[in-house]
$ cat entry03.pdb   # PDB, C-alpha atoms
ATOM      1  CA  GLU O   1     -19.139 -33.369 -16.734
ATOM      2  CA  THR O   2     -19.478 -36.516 -14.656
ATOM      3  CA  LYS O   3     -22.170 -36.413 -11.980
ATOM      4  CA  GLN O   4     -20.070 -38.239  -9.380
ATOM      5  CA  ASN O   5     -17.130 -35.883  -8.980
ATOM      6  CA  ARG O   6     -17.971 -32.889 -11.231
ATOM      7  CA  GLU O   7     -14.930 -33.502 -13.426
ATOM      8  CA  THR O   8     -14.933 -31.985 -16.902
ATOM      9  CA  ALA O   9     -12.839 -32.597 -19.983
ATOM     10  CA  PHE O  10     -11.219 -29.210 -19.388
ATOM     11  CA  LEU O  11     -10.146 -30.124 -15.835
ATOM     12  CA  ILE O  12      -8.838 -33.492 -16.979
ATOM     13  CA  ALA O  13      -6.807 -31.863 -19.771
ATOM     14  CA  CYS O  14      -5.236 -29.393 -17.333
ATOM     15  CA  GLU O  15      -4.480 -32.116 -14.792
ATOM     16  CA  ALA O  16      -2.761 -34.164 -17.499
ATOM     17  CA  GLY O  17      -0.755 -31.203 -18.821
ATOM     18  CA  HIS O  18      -2.445 -30.915 -22.204
ATOM     19  CA  ARG O  19      -2.411 -27.154 -22.734
ATOM     20  CA  GLU O  20      -3.557 -27.195 -26.387
ATOM     21  CA  VAL O  21      -6.517 -29.413 -25.557
ATOM     22  CA  ALA O  22      -7.414 -27.157 -22.631
ATOM     23  CA  ASP O  23      -7.248 -24.107 -24.903
ATOM     24  CA  MET O  24      -9.514 -25.808 -27.457
ATOM     25  CA  LEU O  25     -12.031 -26.713 -24.770
ATOM     26  CA  LEU O  26     -12.077 -23.178 -23.355
ATOM     27  CA  SER O  27     -12.669 -21.805 -26.831
ATOM     28  CA  SER O  28     -15.602 -24.199 -27.132
ATOM     29  CA  GLY O  29     -17.274 -22.937 -23.963
ATOM     30  CA  ALA O  30     -15.595 -24.715 -21.037
ATOM     31  CA  HIS O  31     -15.812 -22.778 -17.764
ATOM     32  CA  LEU O  32     -12.413 -21.467 -16.632
ATOM     33  CA  ASN O  33     -13.135 -21.504 -12.890
ATOM     34  CA  HIS O  34     -15.241 -24.660 -12.795
ATOM     35  CA  GLU O  35     -14.893 -26.484  -9.483
ATOM     36  CA  ALA O  36     -14.634 -30.244  -9.231
ATOM     37  CA  ASP O  37     -15.085 -32.276  -6.073
ATOM     38  CA  MET O  38     -13.585 -30.551  -2.985
ATOM     39  CA  GLY O  39     -13.526 -27.239  -4.834
ATOM     40  CA  LEU O  40     -10.509 -28.000  -7.001
ATOM     41  CA  THR O  41     -10.141 -25.874 -10.135
ATOM     42  CA  ALA O  42      -7.944 -26.335 -13.176
ATOM     43  CA  ILE O  43      -5.034 -24.430 -11.664
ATOM     44  CA  HIS O  44      -5.087 -26.572  -8.505
ATOM     45  CA  LYS O  45      -4.807 -29.668 -10.653
ATOM     46  CA  ALA O  46      -2.109 -28.263 -12.930
ATOM     47  CA  ALA O  47      -0.002 -26.904 -10.047
ATOM     48  CA  ARG O  48      -0.353 -30.128  -8.048
ATOM     49  CA  ASN O  49       1.112 -32.033 -10.983
ATOM     50  CA  GLY O  50       3.805 -29.530 -11.900
ATOM     51  CA  HIS O  51       2.500 -28.599 -15.345
ATOM     52  CA  LEU O  52       4.253 -25.256 -15.783
ATOM     53  CA  ASN O  53       2.915 -24.568 -19.286
ATOM     54  CA  VAL O  54      -0.678 -25.197 -18.226
ATOM     55  CA  VAL O  55      -0.299 -23.020 -15.109
ATOM     56  CA  GLN O  56       1.040 -20.194 -17.290
ATOM     57  CA  PHE O  57      -1.820 -20.677 -19.744
ATOM     58  CA  LEU O  58      -4.392 -20.469 -16.942
ATOM     59  CA  ILE O  59      -2.744 -17.380 -15.440
ATOM     60  CA  ASN O  60      -2.876 -15.713 -18.837
ATOM     61  CA  ARG O  61      -6.591 -16.454 -18.909
ATOM     62  CA  GLN O  62      -6.900 -14.726 -15.495
ATOM     63  CA  ILE O  63      -7.968 -17.698 -13.430
ATOM     64  CA  ASP O  64      -8.272 -17.155  -9.660
ATOM     65  CA  ILE O  65      -4.680 -17.791  -8.586
ATOM     66  CA  ASN O  66      -5.327 -17.803  -4.821
ATOM     67  CA  LYS O  67      -8.431 -19.991  -4.857
ATOM     68  CA  LEU O  68      -8.811 -22.096  -1.736
ATOM     69  CA  THR O  69     -10.197 -25.607  -1.944
ATOM     70  CA  ALA O  70     -13.542 -26.242  -0.293
ATOM     71  CA  ASP O  71     -11.994 -27.376   2.977
ATOM     72  CA  ASN O  72      -9.402 -24.551   2.962
ATOM     73  CA  GLU O  73      -6.692 -27.177   2.843
ATOM     74  CA  HIS O  74      -4.866 -25.991  -0.275
ATOM     75  CA  THR O  75      -4.218 -23.209  -2.752
ATOM     76  CA  PRO O  76      -2.484 -23.791  -6.099
ATOM     77  CA  LEU O  77       0.728 -22.509  -4.493
ATOM     78  CA  SER O  78       0.492 -24.823  -1.495
ATOM     79  CA  TYR O  79       0.090 -27.806  -3.839
ATOM     80  CA  ALA O  80       3.219 -26.768  -5.732
ATOM     81  CA  CYS O  81       5.117 -26.257  -2.459
ATOM     82  CA  ALA O  82       4.060 -29.621  -1.091
ATOM     83  CA  ASN O  83       5.265 -31.373  -4.241
ATOM     84  CA  ASN O  84       8.486 -29.360  -4.699
ATOM     85  CA  TYR O  85       7.639 -27.902  -8.110
ATOM     86  CA  GLN O  86       9.958 -24.932  -7.853
ATOM     87  CA  GLU O  87       9.400 -23.477 -11.315
ATOM     88  CA  VAL O  88       5.658 -23.521 -10.736
ATOM     89  CA  ILE O  89       6.154 -21.902  -7.329
ATOM     90  CA  TYR O  90       8.235 -19.103  -8.828
ATOM     91  CA  LEU O  91       5.706 -18.538 -11.606
ATOM     92  CA  LEU O  92       2.810 -18.372  -9.160
ATOM     93  CA  LEU O  93       4.625 -16.006  -6.787
ATOM     94  CA  ASN O  94       5.509 -13.651  -9.605
ATOM     95  CA  ASN O  95       1.887 -13.491 -10.685
ATOM     96  CA  GLY O  96       0.349 -12.632  -7.339
ATOM     97  CA  ALA O  97       0.073 -15.899  -5.421
ATOM     98  CA  ASP O  98       0.051 -15.231  -1.675
ATOM     99  CA  PRO O  99       2.377 -17.555   0.284
ATOM    100  CA  ASN O 100       0.930 -16.417   3.620
ATOM    101  CA  ILE O 101      -2.704 -17.415   3.187
ATOM    102  CA  LYS O 102      -3.912 -19.288   6.265
ATOM    103  CA  LEU O 103      -4.924 -22.809   5.348
ATOM    104  CA  LYS O 104      -6.786 -25.422   7.354
ATOM    105  CA  ASP O 105      -5.504 -25.838  10.940
ATOM    106  CA  ASP O 106      -3.371 -22.669  10.554
ATOM    107  CA  ASN O 107      -1.239 -24.359   7.940
ATOM    108  CA  THR O 108       0.755 -22.235   5.457
ATOM    109  CA  CYS O 109       2.793 -22.874   2.344
ATOM    110  CA  ILE O 110       6.023 -22.754   4.348
ATOM    111  CA  LEU O 111       4.691 -25.275   6.857
ATOM    112  CA  GLU O 112       3.484 -27.489   4.030
ATOM    113  CA  ALA O 113       6.929 -27.451   2.401
ATOM    114  CA  ALA O 114       8.650 -28.053   5.744
ATOM    115  CA  ARG O 115       6.363 -30.982   6.514
ATOM    116  CA  ARG O 116       7.388 -32.580   3.211
ATOM    117  CA  GLY O 117      11.083 -31.883   3.832
ATOM    118  CA  ASN O 118      11.372 -29.485   0.879
ATOM    119  CA  ALA O 119      14.189 -27.321   2.281
ATOM    120  CA  GLU O 120      14.808 -25.416  -0.957
ATOM    121  CA  VAL O 121      11.153 -24.441  -1.178
ATOM    122  CA  VAL O 122      11.186 -23.238   2.428
ATOM    123  CA  GLY O 123      14.209 -21.101   1.575
ATOM    124  CA  MET O 124      12.471 -19.713  -1.537
ATOM    125  CA  LEU O 125       9.416 -18.695   0.468
ATOM    126  CA  LEU O 126      11.466 -17.103   3.254
ATOM    127  CA  ASP O 127      13.490 -15.127   0.709
ATOM    128  CA  TRP O 128      10.289 -14.063  -1.033
ATOM    129  CA  ASN O 129       8.771 -12.785   2.208
ATOM    130  CA  ASP O 130      11.981 -10.897   3.022
ATOM    131  CA  MET O 131      11.898  -9.267  -0.411
ATOM    132  CA  LEU O 132       8.256  -8.272   0.022
ATOM    133  CA  HIS O 133       9.037  -6.804   3.446
ATOM    134  CA  ASP O 134      11.920  -4.771   2.018
ATOM    135  CA  LYS O 135       9.698  -3.463  -0.790
ATOM    136  CA  GLN O 136       6.970  -2.506   1.679
ATOM    137  CA  MET O 137       9.460  -0.686   3.912
ATOM    138  CA  ALA O 138      10.924   1.175   0.923
ATOM    139  CA  ALA O 139       7.433   2.146  -0.264
ATOM    140  CA  ALA O 140       6.498   3.363   3.222
ATOM    141  CA  ALA O 141       9.689   5.446   3.449
ATOM    142  CA  ASN O 142       8.997   6.951   0.029
ATOM    143  CA  ASN O 143       5.428   7.819   1.038
ATOM    144  CA  ARG O 144       6.665   9.504   4.213
ATOM    145  CA  LYS O 145       9.147  11.548   2.164
ATOM    146  CA  LYS O 146       6.377  12.665  -0.216
ATOM    147  CA  ILE O 147       4.101  13.620   2.690
ATOM    148  CA  ASN O 148       6.863  15.566   4.443
ATOM    149  CA  SER O 149       7.734  17.351   1.207
ATOM    150  CA  SER O 150       4.094  18.229   0.631
ATOM    151  CA  ILE O 151       3.745  19.628   4.163
ATOM    152  CA  THR O 152       6.956  21.645   3.828
ATOM    153  CA  ASN O 153       5.900  23.130   0.505
ATOM    154  CA  THR O 154       2.505  24.237   1.825
ATOM    155  CA  MET O 155       3.741  25.791   5.083
ATOM    156  CA  PRO O 156       4.310  29.589   5.145
ATOM    157  CA  ARG O 157       7.890  30.746   5.500
ATOM    158  CA  PRO O 158       8.848  31.434   9.136
ATOM    159  CA  LEU O 159       8.949  35.008  10.352
ATOM    160  CA  PRO O 160      12.445  36.481  10.384
ATOM    161  CA  TYR O 161      14.140  37.334  13.624
ATOM    162  CA  PRO O 162      12.964  40.796  14.743
ATOM    163  CA  ASN O 163      15.178  43.685  13.763
ATOM    164  CA  SER O 164      14.849  47.263  12.588
ATOM    165  CA  ASN O 165      13.162  46.074   9.396
ATOM    166  CA  SER O 166      11.010  43.395  10.998
ATOM    167  CA  ASN O 167       7.692  44.839   9.815
ATOM    168  CA  ASN O 168       8.776  44.963   6.190
ATOM    169  CA  LEU O 169      10.249  41.464   6.347
ATOM    170  CA  ARG O 170       7.132  40.108   7.977
ATOM    171  CA  HIS O 171       5.027  41.479   5.158
ATOM    172  CA  GLN O 172       7.266  39.705   2.658
ATOM    173  CA  ALA O 173       7.097  36.398   4.533
ATOM    174  CA  LEU O 174       3.322  36.042   4.912
ATOM    175  CA  PRO O 175       0.247  36.391   2.692
ATOM    176  CA  GLN O 176      -1.389  39.816   2.678
ATOM    177  CA  SER O 177      -4.536  38.673   4.505
ATOM    178  CA  ILE O 178      -2.456  37.430   7.433
ATOM    179  CA  THR O 179      -0.221  40.510   7.632
ATOM    180  CA  GLU O 180      -3.306  42.723   7.687
ATOM    181  CA  GLN O 181      -4.606  40.786  10.671
ATOM    182  CA  LEU O 182      -1.240  41.065  12.414
ATOM    183  CA  ASP O 183      -1.131  44.815  11.784
ATOM    184  CA  GLU O 184      -4.597  45.126  13.289
ATOM    185  CA  VAL O 185      -3.459  43.206  16.364
ATOM    186  CA  ASP O 186      -0.403  45.494  16.650
ATOM    187  CA  ARG O 187      -2.607  48.604  16.504
ATOM    188  CA  GLU O 188      -4.992  47.228  19.102
ATOM    189  CA  TYR O 189      -2.101  46.271  21.358
ATOM    190  CA  GLN O 190      -0.555  49.744  21.086
ATOM    191  CA  THR O 191      -3.929  51.372  21.792
ATOM    192  CA  ARG O 192      -4.271  49.346  24.978
ATOM    193  CA  ILE O 193      -0.802  50.381  26.077
ATOM    194  CA  ASN O 194      -1.713  54.016  25.492
ATOM    195  CA  LYS O 195      -4.864  53.719  27.561
ATOM    196  CA  THR O 196      -2.992  52.013  30.362
ATOM    197  CA  ARG O 197      -0.149  54.533  30.538
ATOM    198  CA  TYR O 198      -1.880  57.783  29.649
ATOM    199  CA  GLY O 199      -5.609  57.190  29.504
ATOM    200  CA  TYR O 200      -6.805  57.508  25.930
ATOM    201  CA  ILE O 201      -4.604  59.963  24.027
ATOM    202  CA  PRO O 202      -4.439  60.253  20.252
ATOM    203  CA  PRO O 203      -1.297  58.668  18.818
ATOM    204  CA  GLN O 204       0.244  62.000  17.692
ATOM    205  CA  THR O 205      -0.171  63.554  21.154
ATOM    206  CA  GLN O 206       1.211  60.419  22.760
ATOM    207  CA  LYS O 207       4.308  60.675  20.556
ATOM    208  CA  GLN O 208       4.932  64.205  21.801
ATOM    209  CA  ILE O 209       4.528  63.144  25.423
ATOM    210  CA  THR O 210       6.874  60.236  24.884
ATOM    211  CA  ALA O 211       9.468  62.507  23.248
ATOM    212  CA  ASN O 212       9.266  65.038  26.079
ATOM    213  CA  SER O 213       9.626  62.378  28.752
ATOM    214  CA  TYR O 214      13.246  61.646  27.784
TER     215      TYR O 214
END

$ encode --input "entry03.pdb" --output "structure tokens"
Amino acid sequence: ETKQNRETAFLIACEAGHREVADMLLSSGAHLNHEADMGLTAIHKAARNGHLNVVQFLINRQIDINKLTADNEHTPLSYACANNYQEVIYLLLNNGADPNIKLKDDNTCILEAARRGNAEVVGMLLDWNDMLHDKQMAAAANNRKKINSSITNTMPRPLPYPNSNSNNLRHQALPQSITEQLDEVDREYQTRINKTRYGYIPPQTQKQITANSY
């Protein structure tokens, strides 16, 4: 490592596109996420120079793919976008690079590509965002369907329309604990009717009175 700019042999190998040398240095103890001056890491340097094989090598080693430089001016993806390295862009996107990270002065990868006149890159990023949006919408719709299905499956069946067999059907439609409560409410309701119409009269006597009243 040089004291002036914190460069290492590993960073220099990645910047120059020497994947085998970089692999050898890592195996000998080089630090994968070492930061040089301005916070640049190996993947910044490789992406900035379009070294697809080195970028893939670093991704396989699980380097931080969305690392911002010290001044928040660049990510590996924004370097690739600025320099029109489309294969590197596609590789980074497919491995989790975020094209919508806010950079310095509210810059983004799309703005960086547009500023450099890289129309094809702008189109790639727009298409990528559209695809992500479609996937998110599809996932949200699928989650709503699962939630609705879960709610439907846990709800009790609705009571049937009252008819001559309504009590029996109600007992079939609801759990026993609920039907017992409903039966108790029915009995209480009928008792109150009896008290209101006749004063308190035992149910059997009330049946006779009711029969004789017609």

$ closest_residue --input "entry03.pdb" --among "O:Ser27, O:Met137, O:Ala42, O:Asn100" --to "O:Ile59" --atoms "only C-alpha atoms"
O:Ala42

$ closest_residue --input "entry03.pdb" --among "O:Met131, O:Leu68, O:Ile63, O:Ala113" --to "O:Gly39" --atoms "all atoms listed in the file"
O:Leu68

$ resolve_selection --input "entry03.pdb" --expression "the PyMOL selection byres ((chain O and resi 73) around 10)" --output "list in words"
Met38, Leu68, Thr69, Ala70, Asp71, Asn72, His74, Thr75, Ser78, Tyr79, Lys102, Leu103, Lys104, Asp105, Asp106, Asn107 and Thr108 of chain O

$ closest_residue --input "entry03.pdb" --among "O:Met124, O:Val21, O:Ile12, O:Val54" --to "O:Glu35" --atoms "all atoms listed in the file"
O:Ile12

$ residues_around --input "entry03.pdb" --residues "O:Asn53" --least-positions-apart "4" --cutoff "9 Å" --atoms "only C-alpha atoms" --output "JSON, numbers by chain"
{"O": [17, 18, 19, 46, 57, 58]}

$ write_last_selection --input "entry03.pdb" --atoms "C-alpha atoms" --output "mmCIF file, in the coordinates of the input"
data_model
loop_
_atom_site.group_PDB
_atom_site.id
_atom_site.type_symbol
_atom_site.label_atom_id
_atom_site.label_comp_id
_atom_site.auth_asym_id
_atom_site.auth_seq_id
_atom_site.Cartn_x
_atom_site.Cartn_y
_atom_site.Cartn_z
ATOM 1 C CA GLY O 17 -0.755 -31.203 -18.821
ATOM 2 C CA HIS O 18 -2.445 -30.915 -22.204
ATOM 3 C CA ARG O 19 -2.411 -27.154 -22.734
ATOM 4 C CA ALA O 46 -2.109 -28.263 -12.930
ATOM 5 C CA PHE O 57 -1.820 -20.677 -19.744
ATOM 6 C CA LEU O 58 -4.392 -20.469 -16.942
#

$ residues_around --input "entry03.pdb" --residues "stretch 87-90 of chain O" --least-positions-apart "2" --cutoff "9 Å" --atoms "all atoms listed in the file" --output "list of chain:residue names"
O:Ala47, O:Gly50, O:His51, O:Leu52, O:Val55, O:Gln56, O:Pro76, O:Leu77, O:Ser78, O:Ala80, O:Cys81, O:Asn84, O:Tyr85, O:Leu92, O:Leu93, O:Asn94, O:Asn95, O:Ala97, O:Val121, O:Met124

$ decode --input "entry03.pdb" --residues "stretch 55-67 of chain O" --atoms "all heavy atoms" --output "mmCIF file, in the first residue's frame"
data_model
loop_
_atom_site.group_PDB
_atom_site.id
_atom_site.type_symbol
_atom_site.label_atom_id
_atom_site.label_comp_id
_atom_site.auth_asym_id
_atom_site.auth_seq_id
_atom_site.Cartn_x
_atom_site.Cartn_y
_atom_site.Cartn_z
ATOM 1 N N VAL O 55 -15.069 -7.649 -12.762
ATOM 2 C CA VAL O 55 -16.310 -7.325 -12.042
ATOM 3 C C VAL O 55 -17.015 -8.616 -11.626
ATOM 4 O O VAL O 55 -17.470 -8.750 -10.488
ATOM 5 C CB VAL O 55 -17.237 -6.444 -12.914
ATOM 6 C CG1 VAL O 55 -18.600 -6.279 -12.243
ATOM 7 C CG2 VAL O 55 -16.610 -5.077 -13.162
ATOM 8 N N GLN O 56 -17.094 -9.589 -12.539
ATOM 9 C CA GLN O 56 -17.722 -10.863 -12.207
ATOM 10 C C GLN O 56 -16.961 -11.572 -11.084
ATOM 11 O O GLN O 56 -17.578 -12.126 -10.157
ATOM 12 C CB GLN O 56 -17.759 -11.753 -13.446
ATOM 13 C CG GLN O 56 -18.414 -13.114 -13.220
ATOM 14 C CD GLN O 56 -19.889 -13.007 -12.928
ATOM 15 O OE1 GLN O 56 -20.690 -12.756 -13.820
ATOM 16 N NE2 GLN O 56 -20.264 -13.200 -11.666
ATOM 17 N N PHE O 57 -15.662 -11.549 -11.158
ATOM 18 C CA PHE O 57 -14.823 -12.161 -10.123
ATOM 19 C C PHE O 57 -15.090 -11.531 -8.757
ATOM 20 O O PHE O 57 -15.251 -12.237 -7.744
ATOM 21 C CB PHE O 57 -13.352 -11.997 -10.516
ATOM 22 C CG PHE O 57 -12.376 -12.187 -9.397
ATOM 23 C CD1 PHE O 57 -12.108 -13.449 -8.889
ATOM 24 C CD2 PHE O 57 -11.718 -11.093 -8.847
ATOM 25 C CE1 PHE O 57 -11.208 -13.619 -7.852
ATOM 26 C CE2 PHE O 57 -10.808 -11.250 -7.816
ATOM 27 C CZ PHE O 57 -10.546 -12.518 -7.312
ATOM 28 N N LEU O 58 -15.196 -10.216 -8.716
ATOM 29 C CA LEU O 58 -15.424 -9.512 -7.453
ATOM 30 C C LEU O 58 -16.833 -9.771 -6.914
ATOM 31 O O LEU O 58 -17.032 -9.909 -5.705
ATOM 32 C CB LEU O 58 -15.192 -8.011 -7.638
ATOM 33 C CG LEU O 58 -13.749 -7.612 -7.974
ATOM 34 C CD1 LEU O 58 -13.675 -6.145 -8.365
ATOM 35 C CD2 LEU O 58 -12.826 -7.901 -6.783
ATOM 36 N N ILE O 59 -17.805 -9.853 -7.816
ATOM 37 C CA ILE O 59 -19.173 -10.184 -7.402
ATOM 38 C C ILE O 59 -19.208 -11.584 -6.790
ATOM 39 O O ILE O 59 -19.852 -11.812 -5.761
ATOM 40 C CB ILE O 59 -20.148 -10.078 -8.594
ATOM 41 C CG1 ILE O 59 -20.341 -8.612 -8.992
ATOM 42 C CG2 ILE O 59 -21.501 -10.707 -8.251
ATOM 43 C CD1 ILE O 59 -21.125 -8.422 -10.284
ATOM 44 N N ASN O 60 -18.505 -12.496 -7.418
ATOM 45 C CA ASN O 60 -18.461 -13.867 -6.894
ATOM 46 C C ASN O 60 -17.840 -13.919 -5.509
ATOM 47 O O ASN O 60 -18.179 -14.787 -4.699
ATOM 48 C CB ASN O 60 -17.667 -14.770 -7.838
ATOM 49 C CG ASN O 60 -18.386 -15.008 -9.157
ATOM 50 O OD1 ASN O 60 -19.584 -14.753 -9.288
ATOM 51 N ND2 ASN O 60 -17.643 -15.490 -10.156
ATOM 52 N N ARG O 61 -16.953 -12.980 -5.241
ATOM 53 C CA ARG O 61 -16.319 -12.907 -3.919
ATOM 54 C C ARG O 61 -17.165 -12.097 -2.922
ATOM 55 O O ARG O 61 -16.751 -11.878 -1.806
ATOM 56 C CB ARG O 61 -14.929 -12.284 -4.040
ATOM 57 C CG ARG O 61 -13.908 -13.157 -4.770
ATOM 58 C CD ARG O 61 -13.707 -14.481 -4.065
ATOM 59 N NE ARG O 61 -12.617 -15.263 -4.622
ATOM 60 C CZ ARG O 61 -11.388 -15.338 -4.084
ATOM 61 N NH1 ARG O 61 -11.105 -14.682 -2.979
ATOM 62 N NH2 ARG O 61 -10.454 -16.078 -4.675
ATOM 63 N N GLN O 62 -18.338 -11.645 -3.375
ATOM 64 C CA GLN O 62 -19.308 -10.938 -2.530
ATOM 65 C C GLN O 62 -18.818 -9.572 -2.063
ATOM 66 O O GLN O 62 -19.043 -9.167 -0.916
ATOM 67 C CB GLN O 62 -19.730 -11.806 -1.336
ATOM 68 C CG GLN O 62 -20.393 -13.112 -1.765
ATOM 69 C CD GLN O 62 -20.893 -13.946 -0.593
ATOM 70 O OE1 GLN O 62 -20.395 -13.838 0.528
ATOM 71 N NE2 GLN O 62 -21.882 -14.781 -0.851
ATOM 72 N N ILE O 63 -18.216 -8.845 -2.969
ATOM 73 C CA ILE O 63 -17.842 -7.465 -2.683
ATOM 74 C C ILE O 63 -19.104 -6.615 -2.598
ATOM 75 O O ILE O 63 -20.155 -6.977 -3.146
ATOM 76 C CB ILE O 63 -16.888 -6.930 -3.780
ATOM 77 C CG1 ILE O 63 -16.166 -5.667 -3.294
ATOM 78 C CG2 ILE O 63 -17.638 -6.673 -5.083
ATOM 79 C CD1 ILE O 63 -15.015 -5.240 -4.204
ATOM 80 N N ASP O 64 -19.035 -5.500 -1.904
ATOM 81 C CA ASP O 64 -20.172 -4.572 -1.786
ATOM 82 C C ASP O 64 -20.441 -3.938 -3.149
ATOM 83 O O ASP O 64 -19.694 -3.082 -3.610
ATOM 84 C CB ASP O 64 -19.868 -3.506 -0.741
ATOM 85 C CG ASP O 64 -21.055 -2.586 -0.477
ATOM 86 O OD1 ASP O 64 -22.079 -2.698 -1.191
ATOM 87 O OD2 ASP O 64 -20.955 -1.758 0.445
ATOM 88 N N ILE O 65 -21.550 -4.341 -3.779
ATOM 89 C CA ILE O 65 -21.815 -3.948 -5.159
ATOM 90 C C ILE O 65 -22.418 -2.549 -5.281
ATOM 91 O O ILE O 65 -22.379 -1.926 -6.342
ATOM 92 C CB ILE O 65 -22.740 -4.990 -5.831
ATOM 93 C CG1 ILE O 65 -22.638 -4.930 -7.347
ATOM 94 C CG2 ILE O 65 -24.173 -4.825 -5.377
ATOM 95 C CD1 ILE O 65 -23.335 -6.074 -8.051
ATOM 96 N N ASN O 66 -22.978 -2.037 -4.176
ATOM 97 C CA ASN O 66 -23.596 -0.707 -4.202
ATOM 98 C C ASN O 66 -22.802 0.321 -3.397
ATOM 99 O O ASN O 66 -23.340 1.351 -2.986
ATOM 100 C CB ASN O 66 -25.032 -0.782 -3.663
ATOM 101 C CG ASN O 66 -25.987 -1.410 -4.655
ATOM 102 O OD1 ASN O 66 -26.062 -0.999 -5.813
ATOM 103 N ND2 ASN O 66 -26.727 -2.422 -4.210
ATOM 104 N N LYS O 67 -21.535 0.052 -3.207
ATOM 105 C CA LYS O 67 -20.688 0.949 -2.409
ATOM 106 C C LYS O 67 -20.588 2.320 -3.045
ATOM 107 O O LYS O 67 -20.291 2.474 -4.222
ATOM 108 C CB LYS O 67 -19.280 0.348 -2.297
ATOM 109 C CG LYS O 67 -18.307 1.177 -1.474
ATOM 110 C CD LYS O 67 -18.556 0.940 0.001
ATOM 111 C CE LYS O 67 -17.435 1.536 0.845
ATOM 112 N NZ LYS O 67 -17.429 3.013 0.888
#
